[in-house]
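J.: Got a structure for you, model-v5.tsv, holding TSV, C-alpha atoms and all ligand atoms.
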chain	number	residue	atom	x	y	z
A	1	MET	CA	-45.97	55.01	37.21
A	2	ALA	CA	-46.96	53.46	33.89
A	3	ILE	CA	-47.73	50.09	32.35
A	4	VAL	CA	-46.24	48.55	29.23
A	5	ILE	CA	-47.88	45.66	27.38
A	6	ILE	CA	-45.43	43.30	25.70
A	7	ARG	CA	-46.74	40.45	23.55
A	8	GLN	CA	-46.12	39.31	19.99
A	9	ASP	CA	-49.67	38.31	19.04
A	10	THR	CA	-52.46	40.63	17.87
A	11	LYS	CA	-53.93	41.34	21.31
A	12	ILE	CA	-52.02	44.45	22.46
A	13	ASP	CA	-54.84	46.83	21.47
A	14	LEU	CA	-57.46	44.63	23.09
A	15	TRP	CA	-55.52	44.67	26.38
A	16	LYS	CA	-54.81	48.39	26.18
A	17	LYS	CA	-58.47	49.23	25.58
A	18	ALA	CA	-59.62	46.91	28.36
A	19	LEU	CA	-57.13	48.43	30.84
A	20	LEU	CA	-58.24	51.96	29.94
A	21	ALA	CA	-61.90	50.96	30.13
A	22	ALA	CA	-61.23	49.74	33.67
A	23	ASN	CA	-59.41	52.97	34.58
A	24	SER	CA	-59.20	55.81	32.05
A	25	LYS	CA	-56.48	57.56	34.10
A	26	LEU	CA	-53.95	54.76	33.57
A	27	GLU	CA	-50.81	55.47	31.57
A	28	VAL	CA	-50.54	52.40	29.32
A	29	TYR	CA	-48.25	51.78	26.37
A	30	SER	CA	-47.63	49.13	23.80
A	31	TYR	CA	-43.95	48.17	23.79
A	32	LEU	CA	-44.06	48.87	20.04
A	33	GLU	CA	-44.86	52.58	20.43
A	34	GLU	CA	-42.57	55.36	21.62
A	35	HIS	CA	-42.81	55.31	25.44
A	36	PRO	CA	-40.97	56.72	28.46
A	37	LYS	CA	-39.02	53.68	29.68
A	38	ASP	CA	-38.22	55.19	33.07
A	39	ARG	CA	-41.92	55.58	33.93
A	40	ILE	CA	-42.72	51.88	33.48
A	41	THR	CA	-43.28	50.05	36.77
A	42	MET	CA	-45.37	47.13	35.51
A	43	ALA	CA	-44.96	45.03	32.36
A	44	ILE	CA	-47.98	42.93	31.39
A	45	ILE	CA	-46.52	40.28	29.14
A	46	TRP	CA	-47.30	37.17	27.17
A	47	LYS	CA	-44.54	35.40	25.25
A	48	HIS	CA	-42.50	38.59	25.03
A	49	PRO	CA	-39.47	38.87	22.73
A	50	VAL	CA	-36.26	37.91	24.53
A	51	GLY	CA	-34.46	41.09	25.60
A	52	SER	CA	-37.59	43.26	25.79
A	53	LEU	CA	-37.77	43.32	29.60
A	54	ASP	CA	-34.37	44.61	30.65
A	55	VAL	CA	-34.86	48.14	29.27
A	56	TYR	CA	-37.01	49.46	32.14
A	57	PRO	CA	-34.87	50.88	34.98
A	58	ASN	CA	-37.85	51.25	37.38
A	59	LEU	CA	-39.70	48.02	36.63
A	60	LYS	CA	-41.26	46.58	39.80
A	61	CYS	CA	-43.51	43.79	38.56
A	62	ILE	CA	-43.59	41.39	35.61
A	63	ALA	CA	-47.24	40.36	35.27
A	64	SER	CA	-47.81	37.28	33.14
A	65	ALA	CA	-51.09	37.64	31.24
A	66	GLY	CA	-51.57	33.89	31.61
A	67	ALA	CA	-51.24	31.17	34.23
A	68	GLY	CA	-47.96	29.81	32.90
A	69	VAL	CA	-44.67	31.62	33.46
A	70	ASP	CA	-42.21	29.15	31.90
A	71	TYR	CA	-41.56	31.53	28.99
A	72	ILE	CA	-40.35	34.20	31.43
A	73	PHE	CA	-37.85	31.88	33.12
A	74	GLU	CA	-36.62	30.87	29.66
A	75	ASP	CA	-35.55	34.48	28.94
A	76	PRO	CA	-31.94	34.77	30.21
A	77	THR	CA	-32.09	38.57	29.88
A	78	ARG	CA	-35.09	39.08	32.18
A	79	PRO	CA	-34.32	41.19	35.26
A	80	LYS	CA	-33.93	38.49	37.93
A	81	ASN	CA	-34.86	40.47	41.05
A	82	ILE	CA	-38.30	41.64	39.89
A	83	PRO	CA	-41.34	39.77	41.25
A	84	ILE	CA	-43.37	37.80	38.71
A	85	THR	CA	-47.13	37.46	39.07
A	86	ARG	CA	-49.43	35.13	37.16
A	87	ILE	CA	-53.15	34.77	36.46
A	88	VAL	CA	-55.34	32.86	38.88
A	89	ASP	CA	-58.86	33.22	37.55
A	90	PRO	CA	-62.09	31.24	37.87
A	91	TYR	CA	-62.83	31.35	34.11
A	92	LEU	CA	-59.30	30.23	33.24
A	93	ALA	CA	-59.89	27.21	35.47
A	94	SER	CA	-63.46	26.45	34.38
A	95	ASP	CA	-62.65	26.93	30.68
A	96	MET	CA	-59.86	24.37	31.08
A	97	SER	CA	-62.14	21.97	32.92
A	98	GLU	CA	-64.78	22.28	30.17
A	99	HIS	CA	-62.17	21.74	27.46
A	100	VAL	CA	-60.85	18.59	29.12
A	101	LEU	CA	-64.40	17.23	29.58
A	102	ALA	CA	-65.18	17.90	25.90
A	103	VAL	CA	-61.99	16.14	24.76
A	104	ILE	CA	-62.63	13.12	26.98
A	105	LEU	CA	-66.24	12.72	25.84
A	106	ALA	CA	-65.26	13.08	22.18
A	107	HIS	CA	-62.77	10.26	22.74
A	108	LEU	CA	-65.10	7.96	24.71
A	109	LYS	CA	-67.89	8.39	22.17
A	110	ASN	CA	-65.55	8.06	19.12
A	111	LEU	CA	-66.51	11.47	17.70
A	112	ASN	CA	-63.08	12.15	16.18
A	113	THR	CA	-62.94	8.75	14.51
A	114	TYR	CA	-66.49	9.13	13.17
A	115	LYS	CA	-65.46	12.45	11.57
A	116	LEU	CA	-62.51	10.70	9.89
A	117	LYS	CA	-64.85	7.94	8.67
A	118	GLN	CA	-67.41	10.48	7.46
A	119	VAL	CA	-64.95	12.15	5.10
A	120	GLU	CA	-64.17	8.67	3.72
A	121	ASN	CA	-67.95	7.95	3.29
A	122	VAL	CA	-67.58	5.01	5.69
A	123	TRP	CA	-70.44	3.83	7.97
A	124	LYS	CA	-68.73	2.05	10.89
A	125	PRO	CA	-70.42	1.74	14.32
A	126	MET	CA	-67.89	1.46	17.14
A	127	GLU	CA	-68.03	0.42	20.80
A	128	TYR	CA	-68.27	3.41	23.13
A	129	GLN	CA	-67.32	3.76	26.79
A	130	ARG	CA	-69.40	4.97	29.74
A	131	ILE	CA	-68.22	7.73	32.07
A	132	LYS	CA	-68.69	5.58	35.17
A	133	ASP	CA	-66.26	2.96	33.82
A	134	VAL	CA	-63.40	5.35	33.11
A	135	ALA	CA	-60.56	6.44	35.42
A	136	VAL	CA	-58.98	9.81	34.66
A	137	GLY	CA	-55.58	10.73	36.09
A	138	ILE	CA	-54.56	14.36	36.34
A	139	LEU	CA	-50.91	15.40	36.61
A	140	GLY	CA	-50.91	18.68	38.54
A	141	LEU	CA	-53.55	19.60	41.08
A	142	GLY	CA	-53.13	23.36	41.14
A	143	GLU	CA	-55.67	26.02	40.17
A	144	LEU	CA	-56.63	24.26	36.92
A	145	GLY	CA	-55.94	20.63	37.79
A	146	ALA	CA	-57.89	20.69	41.06
A	147	LEU	CA	-61.04	22.15	39.47
A	148	THR	CA	-60.79	19.82	36.49
A	149	ALA	CA	-60.44	16.87	38.87
A	150	SER	CA	-63.46	17.77	40.97
A	151	ASP	CA	-65.61	18.64	37.92
A	152	LEU	CA	-64.78	15.31	36.26
A	153	SER	CA	-65.58	13.54	39.49
A	154	SER	CA	-68.96	15.30	39.73
A	155	VAL	CA	-69.99	14.06	36.29
A	156	GLY	CA	-69.17	10.49	37.32
A	157	PHE	CA	-65.59	9.71	36.32
A	158	LYS	CA	-63.26	7.91	38.70
A	159	VAL	CA	-60.63	10.58	39.24
A	160	GLN	CA	-57.12	10.48	40.62
A	161	GLY	CA	-54.55	13.25	40.75
A	162	TRP	CA	-50.83	13.64	41.29
A	163	SER	CA	-48.93	16.65	42.58
A	164	ARG	CA	-45.66	17.58	44.27
A	165	THR	CA	-47.25	17.94	47.70
A	166	LYS	CA	-50.24	15.95	48.96
A	167	LYS	CA	-53.70	17.43	48.24
A	168	LYS	CA	-57.15	16.69	49.57
A	169	ILE	CA	-60.00	16.99	47.05
A	170	ASP	CA	-63.44	15.45	47.65
A	171	ASN	CA	-63.95	12.19	45.72
A	172	VAL	CA	-60.51	12.42	44.10
A	173	LYS	CA	-57.80	9.91	45.00
A	174	THR	CA	-54.63	11.90	45.41
A	175	TYR	CA	-50.99	10.89	45.04
A	176	SER	CA	-47.84	12.93	45.54
A	177	GLY	CA	-44.15	12.84	44.77
A	178	GLN	CA	-42.02	10.51	42.67
A	179	ASP	CA	-42.66	7.57	45.02
A	180	GLU	CA	-46.38	7.51	44.24
A	181	LEU	CA	-46.19	8.31	40.53
A	182	SER	CA	-46.12	4.71	39.27
A	183	GLU	CA	-49.12	3.67	41.35
A	184	PHE	CA	-51.02	6.74	40.09
A	185	LEU	CA	-50.22	5.89	36.45
A	186	GLN	CA	-51.15	2.20	36.55
A	187	SER	CA	-54.90	2.79	36.53
A	188	ALA	CA	-55.15	6.08	34.59
A	189	GLN	CA	-57.07	5.21	31.41
A	190	ILE	CA	-57.00	8.87	30.46
A	191	LEU	CA	-54.02	10.99	31.47
A	192	VAL	CA	-54.35	14.77	31.58
A	193	CYS	CA	-51.24	16.93	31.99
A	194	LEU	CA	-51.82	20.17	33.89
A	195	LEU	CA	-48.35	20.66	35.33
A	196	PRO	CA	-46.34	23.86	35.03
A	197	LEU	CA	-43.26	23.56	32.82
A	198	THR	CA	-40.17	23.62	35.03
A	199	PRO	CA	-36.79	21.86	34.91
A	200	GLN	CA	-38.39	19.09	37.03
A	201	THR	CA	-41.37	18.53	34.72
A	202	GLU	CA	-39.74	19.08	31.32
A	203	GLY	CA	-40.04	15.92	29.22
A	204	ILE	CA	-42.08	14.16	31.93
A	205	LEU	CA	-44.47	12.72	29.32
A	206	ASN	CA	-41.87	10.33	27.98
A	207	LYS	CA	-41.65	6.64	27.11
A	208	ALA	CA	-40.86	5.60	30.70
A	209	LEU	CA	-43.93	7.38	32.10
A	210	LEU	CA	-46.40	6.76	29.27
A	211	SER	CA	-45.52	3.02	29.18
A	212	GLN	CA	-46.81	2.70	32.73
A	213	LEU	CA	-50.32	3.70	31.67
A	214	PRO	CA	-52.72	0.82	31.00
A	215	LYS	CA	-52.93	-0.43	27.40
A	216	ASN	CA	-55.21	1.76	25.25
A	217	ALA	CA	-54.81	4.77	27.53
A	218	TYR	CA	-55.49	8.20	26.03
A	219	VAL	CA	-53.23	11.21	26.68
A	220	ILE	CA	-54.32	14.84	26.90
A	221	ASN	CA	-51.62	17.51	27.11
A	222	VAL	CA	-53.06	20.93	27.86
A	223	ALA	CA	-50.07	22.20	29.86
A	224	ARG	CA	-46.97	22.91	27.75
A	225	GLY	CA	-45.35	21.30	24.71
A	226	GLY	CA	-42.11	20.94	26.66
A	227	HIS	CA	-43.72	18.33	28.92
A	228	LEU	CA	-44.00	15.89	26.03
A	229	VAL	CA	-41.31	13.91	24.24
A	230	ASP	CA	-43.03	13.93	20.84
A	231	GLY	CA	-41.17	10.92	19.41
A	232	ASP	CA	-42.01	8.78	22.46
A	233	LEU	CA	-45.71	9.58	22.11
A	234	ILE	CA	-45.69	8.71	18.41
A	235	MET	CA	-43.90	5.42	19.11
A	236	LEU	CA	-46.46	4.41	21.77
A	237	LEU	CA	-49.37	5.40	19.52
A	238	ASP	CA	-47.92	3.44	16.60
A	239	ASN	CA	-47.16	0.31	18.61
A	240	GLY	CA	-50.73	0.30	19.96
A	241	HIS	CA	-49.95	0.92	23.62
A	242	LEU	CA	-51.82	4.24	23.55
A	243	SER	CA	-55.18	4.63	21.81
A	244	GLY	CA	-54.77	8.32	21.03
A	245	ALA	CA	-53.78	11.76	22.20
A	246	CYS	CA	-55.25	15.22	22.21
A	247	LEU	CA	-52.68	18.01	22.27
A	248	ASP	CA	-53.26	21.73	22.77
A	249	VAL	CA	-49.62	22.75	23.29
A	250	TYR	CA	-46.41	22.12	21.34
A	251	HIS	CA	-42.65	22.64	21.53
A	252	ILE	CA	-42.94	25.22	18.75
A	253	GLU	CA	-46.19	27.17	18.27
A	254	PRO	CA	-47.66	27.33	15.69
A	255	LEU	CA	-46.60	23.73	15.12
A	256	PRO	CA	-44.37	23.57	12.01
A	257	LYS	CA	-46.23	22.15	9.02
A	258	ALA	CA	-43.78	19.26	8.61
A	259	HIS	CA	-44.37	17.93	12.14
A	260	PRO	CA	-45.76	14.35	12.13
A	261	PHE	CA	-48.58	15.27	14.57
A	262	TRP	CA	-50.44	17.12	11.78
A	263	ASN	CA	-51.24	13.98	9.82
A	264	HIS	CA	-51.23	11.36	12.58
A	265	LYS	CA	-54.64	9.64	12.73
A	266	LYS	CA	-54.41	9.09	16.49
A	267	VAL	CA	-53.44	12.69	17.32
A	268	HIS	CA	-56.16	15.27	17.75
A	269	MET	CA	-54.83	18.84	17.77
A	270	THR	CA	-56.11	22.15	19.09
A	271	PRO	CA	-54.12	25.40	18.69
A	272	HIS	CA	-53.19	26.31	22.31
A	273	TYR	CA	-56.63	27.67	23.01
A	274	ALA	CA	-57.98	25.33	25.69
A	275	SER	CA	-58.30	28.18	28.15
A	276	VAL	CA	-57.43	31.81	27.50
A	277	SER	CA	-57.25	34.78	29.87
A	278	ASP	CA	-60.46	36.78	29.57
A	279	THR	CA	-59.39	40.44	29.82
A	280	ASN	CA	-62.61	41.51	31.59
A	281	SER	CA	-62.14	38.83	34.20
A	282	VAL	CA	-58.38	39.12	34.78
A	283	ILE	CA	-57.72	42.86	34.52
A	284	PRO	CA	-59.11	43.62	38.01
A	285	GLN	CA	-56.48	41.34	39.61
A	286	ILE	CA	-53.70	42.94	37.55
A	287	LEU	CA	-54.86	46.43	38.50
A	288	GLU	CA	-55.16	45.36	42.12
A	289	ASN	CA	-51.46	44.47	41.96
A	290	TYR	CA	-50.70	47.77	40.21
A	291	ASN	CA	-52.34	49.61	43.15
A	292	ARG	CA	-50.41	47.40	45.56
A	293	LEU	CA	-47.17	48.43	43.86
A	294	GLU	CA	-48.09	52.07	44.39
A	295	THR	CA	-48.89	51.54	48.07
A	296	GLY	CA	-46.02	49.15	48.77
A	297	GLN	CA	-48.26	46.18	49.61
A	298	GLU	CA	-47.45	42.54	48.92
A	299	LEU	CA	-48.41	41.42	45.39
A	300	GLN	CA	-51.05	38.72	44.83
A	301	HIS	CA	-50.45	35.52	42.85
A	302	GLN	CA	-46.68	35.81	42.99
A	303	VAL	CA	-44.62	33.10	41.39
A	304	ASP	CA	-42.21	31.23	43.65
A	305	MET	CA	-38.82	32.03	42.10
A	306	GLU	CA	-37.26	28.84	43.47
A	307	LYS	CA	-39.99	26.48	42.24
A	308	GLY	CA	-40.49	28.36	38.96
A	309	TYR	CA	-44.32	28.33	39.09
B	1	LIG	P1	-50.54	25.79	39.51
B	1	LIG	O1	-51.72	26.32	40.26
B	1	LIG	O2	-49.21	26.39	39.80
B	1	LIG	O3	-50.50	24.21	39.78
B	1	LIG	C1	-49.41	23.44	39.44
B	1	LIG	C2	-49.62	22.03	39.98
B	1	LIG	O4	-48.55	21.20	39.49
B	1	LIG	C3	-49.55	21.97	41.50
B	1	LIG	O5	-50.45	21.01	41.98
B	1	LIG	C4	-48.12	21.49	41.76
B	1	LIG	O6	-47.96	20.76	42.97
B	1	LIG	C5	-47.91	20.56	40.59
B	1	LIG	N1	-46.49	20.38	40.32
B	1	LIG	C6	-45.56	21.31	39.98
B	1	LIG	N2	-44.34	20.75	39.85
B	1	LIG	C7	-44.50	19.44	40.12
B	1	LIG	C8	-43.62	18.34	40.16
B	1	LIG	N3	-42.30	18.47	39.91
B	1	LIG	N4	-44.13	17.13	40.49
B	1	LIG	C9	-45.44	16.98	40.76
B	1	LIG	N5	-46.35	17.99	40.74
B	1	LIG	C10	-45.87	19.20	40.42
B	1	LIG	O7	-50.76	25.91	37.95
B	1	LIG	P2	-52.15	26.10	37.17
B	1	LIG	O8	-52.63	27.49	37.30
B	1	LIG	O9	-53.06	24.99	37.56
B	1	LIG	O10	-51.66	25.93	35.66
B	1	LIG	C11	-51.01	24.74	35.24
B	1	LIG	C12	-50.43	24.93	33.85
B	1	LIG	O11	-51.46	24.89	32.89
B	1	LIG	C13	-49.76	26.27	33.58
B	1	LIG	O12	-48.46	26.34	34.10
B	1	LIG	C14	-49.77	26.33	32.07
B	1	LIG	O13	-48.60	25.74	31.58
B	1	LIG	C15	-50.97	25.47	31.69
B	1	LIG	N6	-52.07	26.24	31.05
B	1	LIG	C16	-52.42	25.90	29.79
B	1	LIG	C17	-53.47	26.57	29.18
B	1	LIG	C18	-53.92	26.20	27.79
B	1	LIG	O14	-54.74	26.90	27.20
B	1	LIG	N7	-53.46	25.11	27.24
B	1	LIG	C19	-54.15	27.59	29.86
B	1	LIG	C20	-53.75	27.90	31.14
B	1	LIG	C21	-52.70	27.21	31.74
B	1	LIG	P3	-47.83	21.52	44.38
B	1	LIG	O15	-49.09	22.32	44.54
B	1	LIG	O16	-47.76	20.41	45.35
B	1	LIG	O17	-46.62	22.39	44.33
B	2	LIG	C1	-51.99	29.61	28.84
B	2	LIG	O1	-51.37	28.79	28.28
B	2	LIG	C2	-51.69	30.11	30.15
B	2	LIG	O2	-50.65	29.73	30.70
B	2	LIG	O3	-52.49	30.90	30.69
Mind turning this structure into structure tokens?

T.:
Amino acid sequence: MAIVIIRQDTKIDLWKKALLAANSKLEVYSYLEEHPKDRITMAIIWKHPVGSLDVYPNLKCIASAGAGVDYIFEDPTRPKNIPITRIVDPYLASDMSEHVLAVILAHLKNLNTYKLKQVENVWKPMEYQRIKDVAVGILGLGELGALTASDLSSVGFKVQGWSRTKKKIDNVKTYSGQDELSEFLQSAQILVCLLPLTPQTEGILNKALLSQLPKNAYVINVARGGHLVDGDLIMLLDNGHLSGACLDVYHIEPLPKAHPFWNHKKVHMTPHYASVSDTNSVIPQILENYNRLETGQELQHQVDMEKGY
């Protein structure tokens, strides 16, 4: 049994060292080095190159190094009968919750606009909003959305959330399904997207949905770029329906330099780093699954192949 790490960023060595630090007896390879393909039973991947997964005849688990798995379903060459696992981790959830809180407070207290004014040498006091007066709506009440919702509620926001199936979260008003989406949207002054990207949620942040938010609503997309119809957002920012947006994720990452988001005064961008898997925190759950593979036990945090998340 052996592990291969497949990712196109600069973190292969970091992951390899962290896996070996957790268990020095592991046989771990980078997909870029010479390695015995028939020994690989687990592939730990993040945004792998298309075609890099179907070369392992004994592969038994595709372990996403993050929470999202949309990029795996997008690869038509992936072996279809191999279970996919994903990361469910307290830091991944709390880092996201902290990011969303920071973005909301920066918006309510005009910090982004003040920075723009500062570079223009302009002194311009602006009205700010209080937490208790603001209703935040969260699309997706899973591992990240549910914690974000309850954390925002504990600091005093009015919080509502929407999911596929009905949820119960203390002090959070919950909605579910298409039938309740419009009612959920009507009062969401700040909309946070924490849905997985699936055929059902692709393009969900479009003109029809965003127009149902109250005037001056603010949109935060920390899920996937594919949820957003970029042109619809720009139109609703430019016509004054929306007051602004903070985006962490994009259709193409890094976002091409010519994209209008870069220079849009109402768009605040972060580079897909709202919440990142912490190797020390997530490697134990991946190795637990590796042991489970060896002993034939059911894998933890398996993705539902039908639902795609
Ligand atoms: P999760 O636990 O699978 O939760 C997904 C939530 O979305 C669930 O509440 C689910 O409802 C709901 N949902 C799915 N499809 C829906 C639909 N068609 N209509 C309504 N609700 C739907 O996922 P998670 O771990 O919270 O992660 C969410 C996403 O965050 C990831 O997929 C990833 O794209 C993104 N993410 C981004 C970053 C970043 O740094 N920007 C970091 C980590 C994750 P049910 O429970 O009722 O099925
Ligand atoms: C990050 O985007 C993740 O899905 O973990």

J.: Just checking: using only C-alpha atoms, which residue out of A:Leu205, A:Ile190, A:Ala245, A:Cys61 ends up closest to Asp232 in chain A?

T.: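 Smallest separation from Asp232 in chain A among the options: A:Leu205.
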
J.: Let me make sure I understand: among A:Asn81, A:Asn58, A:Gln118, A:Ser277, which one has the smallest atom-to-atom distance to ligand LIG 1 (chain B) if we use only C-alpha atoms and all ligand atoms?

T.: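 With only C-alpha atoms and all ligand atoms as the atom set, the closest residue is A:Ser277.
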
J.: So how many Å separate CA of Lys47 in chain A and atom O16 of ligand LIG 1 (chain B), to one decimal?

T.: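 Atom-to-atom, CA of Lys47 in chain A and atom O16 of ligand LIG 1 (chain B) are spaced 25.3 Å apart.
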
J.: Which residue out of A:Glu34, A:Asp70, A:Glu27, A:Glu294 has the minimum interatomic distance to Gln200 in chain A when all atoms listed in the file are used?

T.: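 Ranking A:Glu34, A:Asp70, A:Glu27, A:Glu294 by distance to Gln200 in chain A, first place goes to A:Asp70.
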
J.: Distance cut-off 8 Å, centre (-63.4, 21.9, 34.0) in file coordinates, counting all atoms listed in the file: which residues qualify? Return them as a PyMOL selection string.

T.: chain A and resi 93-101+144+147-149+151-152

J.: Near Gln160 in chain A, within 8 Å and counting all atoms listed in the file, which residues show up once chain neighbours fewer than 6 positions away are dropped, as a PyMOL selection string?

T.: chain A and resi 135-138+149+172-175+184+188

J.: Now that the selection is made, can you save its residues with C-alpha atoms as a short mmCIF file (atom, residue, chain, number, x, y, z; two decimals), keeping the file's coordinate frame?

T.:
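What landed in selection_21.cif:
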data_model
loop_
_atom_site.label_atom_id
_atom_site.label_comp_id
_atom_site.auth_asym_id
_atom_site.auth_seq_id
_atom_site.Cartn_x
_atom_site.Cartn_y
_atom_site.Cartn_z
CA ALA A 135 -60.56 6.44 35.42
CA VAL A 136 -58.98 9.81 34.66
CA GLY A 137 -55.58 10.73 36.09
CA ILE A 138 -54.56 14.36 36.34
CA ALA A 149 -60.44 16.87 38.87
CA VAL A 172 -60.51 12.42 44.10
CA LYS A 173 -57.80 9.91 45.00
CA THR A 174 -54.63 11.90 45.41
CA TYR A 175 -50.99 10.89 45.04
CA PHE A 184 -51.02 6.74 40.09
CA ALA A 188 -55.15 6.08 34.59
#
